[in-house]
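**Q** Mind having a look at this structure? Questions to follow.
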Amino acid sequence: MAAVLLLLTATASVPLGLSLPPLIVRIAYEIEQRGIVYAWGGGHGASPGPSKGTCRGYQGRIKPCPAARTRGLDCSGFARWVYALAHGEDVLGPGNTDDHVRRMRRVSSPRPGDLVFFGKITKKTVKTHHVGIYLGGGKMMNAPETGAVVRVDDIGRKKDFAGFYRY
């Protein structure tokens, strides 16, 4: 009975039409339901999860920078937390999107739970600016920008698609 209740809780917020999505996707939907706000630099504390952000390097549209007083997640902090929960350890580490993409391998056929990166990635350079968790059907879960909460977006909404990556 406890296993059934756990399964119902873990999948209750997943849209109908998905039979039993991968653990990474189920965790992403659970986090989305919490309404966690975006915080520049949020999620990069000693351990994964929401944290106060930083105003260092902030170039967002909301002035003055709210990150240092906001507990939340930025895009890579969100991916880090979801992957840590799914893998049972901090597999992506505290770095930014450039650091995270280096820990993964590019895939041409994405599966739900893969990460989708935006920016420019070549054999010699990595310069990314955003990451989301691929949900399938051209959608991703992400922490998009200051003033927003973790949400589902179309991948095509963001410029500079750099590819899908798998841990």
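Residue names in the structure tokens use chain letters A, B, ... in the order shown, residue numbers from 1 in each chain, and ligand numbers from 1 in the order shown.
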At a cut-off of 10 Å, using only C-alpha atoms, what residues contact region 32-46 of chain A? Leave out same-chain residues fewer than 3 positions from it and give the result as a ChimeraX atom specification.
**A** /A:13-14,26-29,49-60,65-81,90,93-96,141-152
**Q** Which of region 66-128 of chain A end up as strand (DSSP E) when DSSP is run on this backbone - answer as a ChimeraX atom specification?
**A** /A:71-72,105-107,115-121,126-128
**Q** May I have the residues from that selection written out with C-alpha atoms, as a compact mmCIF listing (two decimals), in the first residue's frame?
**A**
```txt
# COMPACT_ATOMS: atom_id res chain seq x y z
CA ARG A 71 15.83 31.81 -2.22
CA GLY A 72 15.39 29.80 -5.40
CA ARG A 105 27.70 13.27 -23.65
CA ARG A 106 25.85 14.69 -26.63
CA VAL A 107 23.01 12.58 -28.04
CA LEU A 115 19.39 17.94 -20.60
CA VAL A 116 18.93 20.48 -23.38
CA PHE A 117 21.60 23.19 -23.57
CA PHE A 118 21.61 26.59 -25.25
CA GLY A 119 24.68 28.53 -26.34
CA LYS A 120 27.66 27.48 -28.42
CA ILE A 121 29.42 24.15 -27.99
CA VAL A 126 31.90 25.61 -24.42
CA LYS A 127 29.93 28.84 -23.94
CA THR A 128 26.41 28.02 -22.76
```
**Q** Have a look at A:His129, A:Lys63, A:Ala162, A:Ser47 and name the one nearest to Leu92 (chain A); count only C-alpha atoms.
**A**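 Closest to Leu92 (chain A), using only C-alpha atoms: A:Ser47.
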**Q** Would you mind telling me which residue in A:Leu85, A:Ile62, A:Val25, A:Met104 lies nearest to Gly136 (chain A) when using only C-alpha atoms?
**A**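 Between A:Leu85, A:Ile62, A:Val25, A:Met104, the residue approaching Gly136 (chain A) most closely is A:Val25.
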**Q** What gap, in Å, lies between CA of Thr97 (chain A) and CA of Val131 (chain A)?
**A**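 These two atoms are separated by 6.6 Å.
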**Q** Looking only at helix (DSSP H, G or I) from DSSP on the backbone, list the matching residues of region 6-163 of chain A as a ChimeraX atom specification.
**A** /A:6-11,23-32,67-69,75-87,97-102,155-157
**Q** Rounded to one decimal place, report the CA of Gly113 (chain A)-CA of Ile24 (chain A) distance in Å.
**A**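 Straight-line distance from CA of Gly113 (chain A) to CA of Ile24 (chain A) works out to 5.2 Å.
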**Q** Would you mind reading off the distance between CA of Asp160 (chain A) and CA of Tyr83 (chain A), one decimal, in Å?
**A**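 Those two atoms sit 23.3 Å apart.
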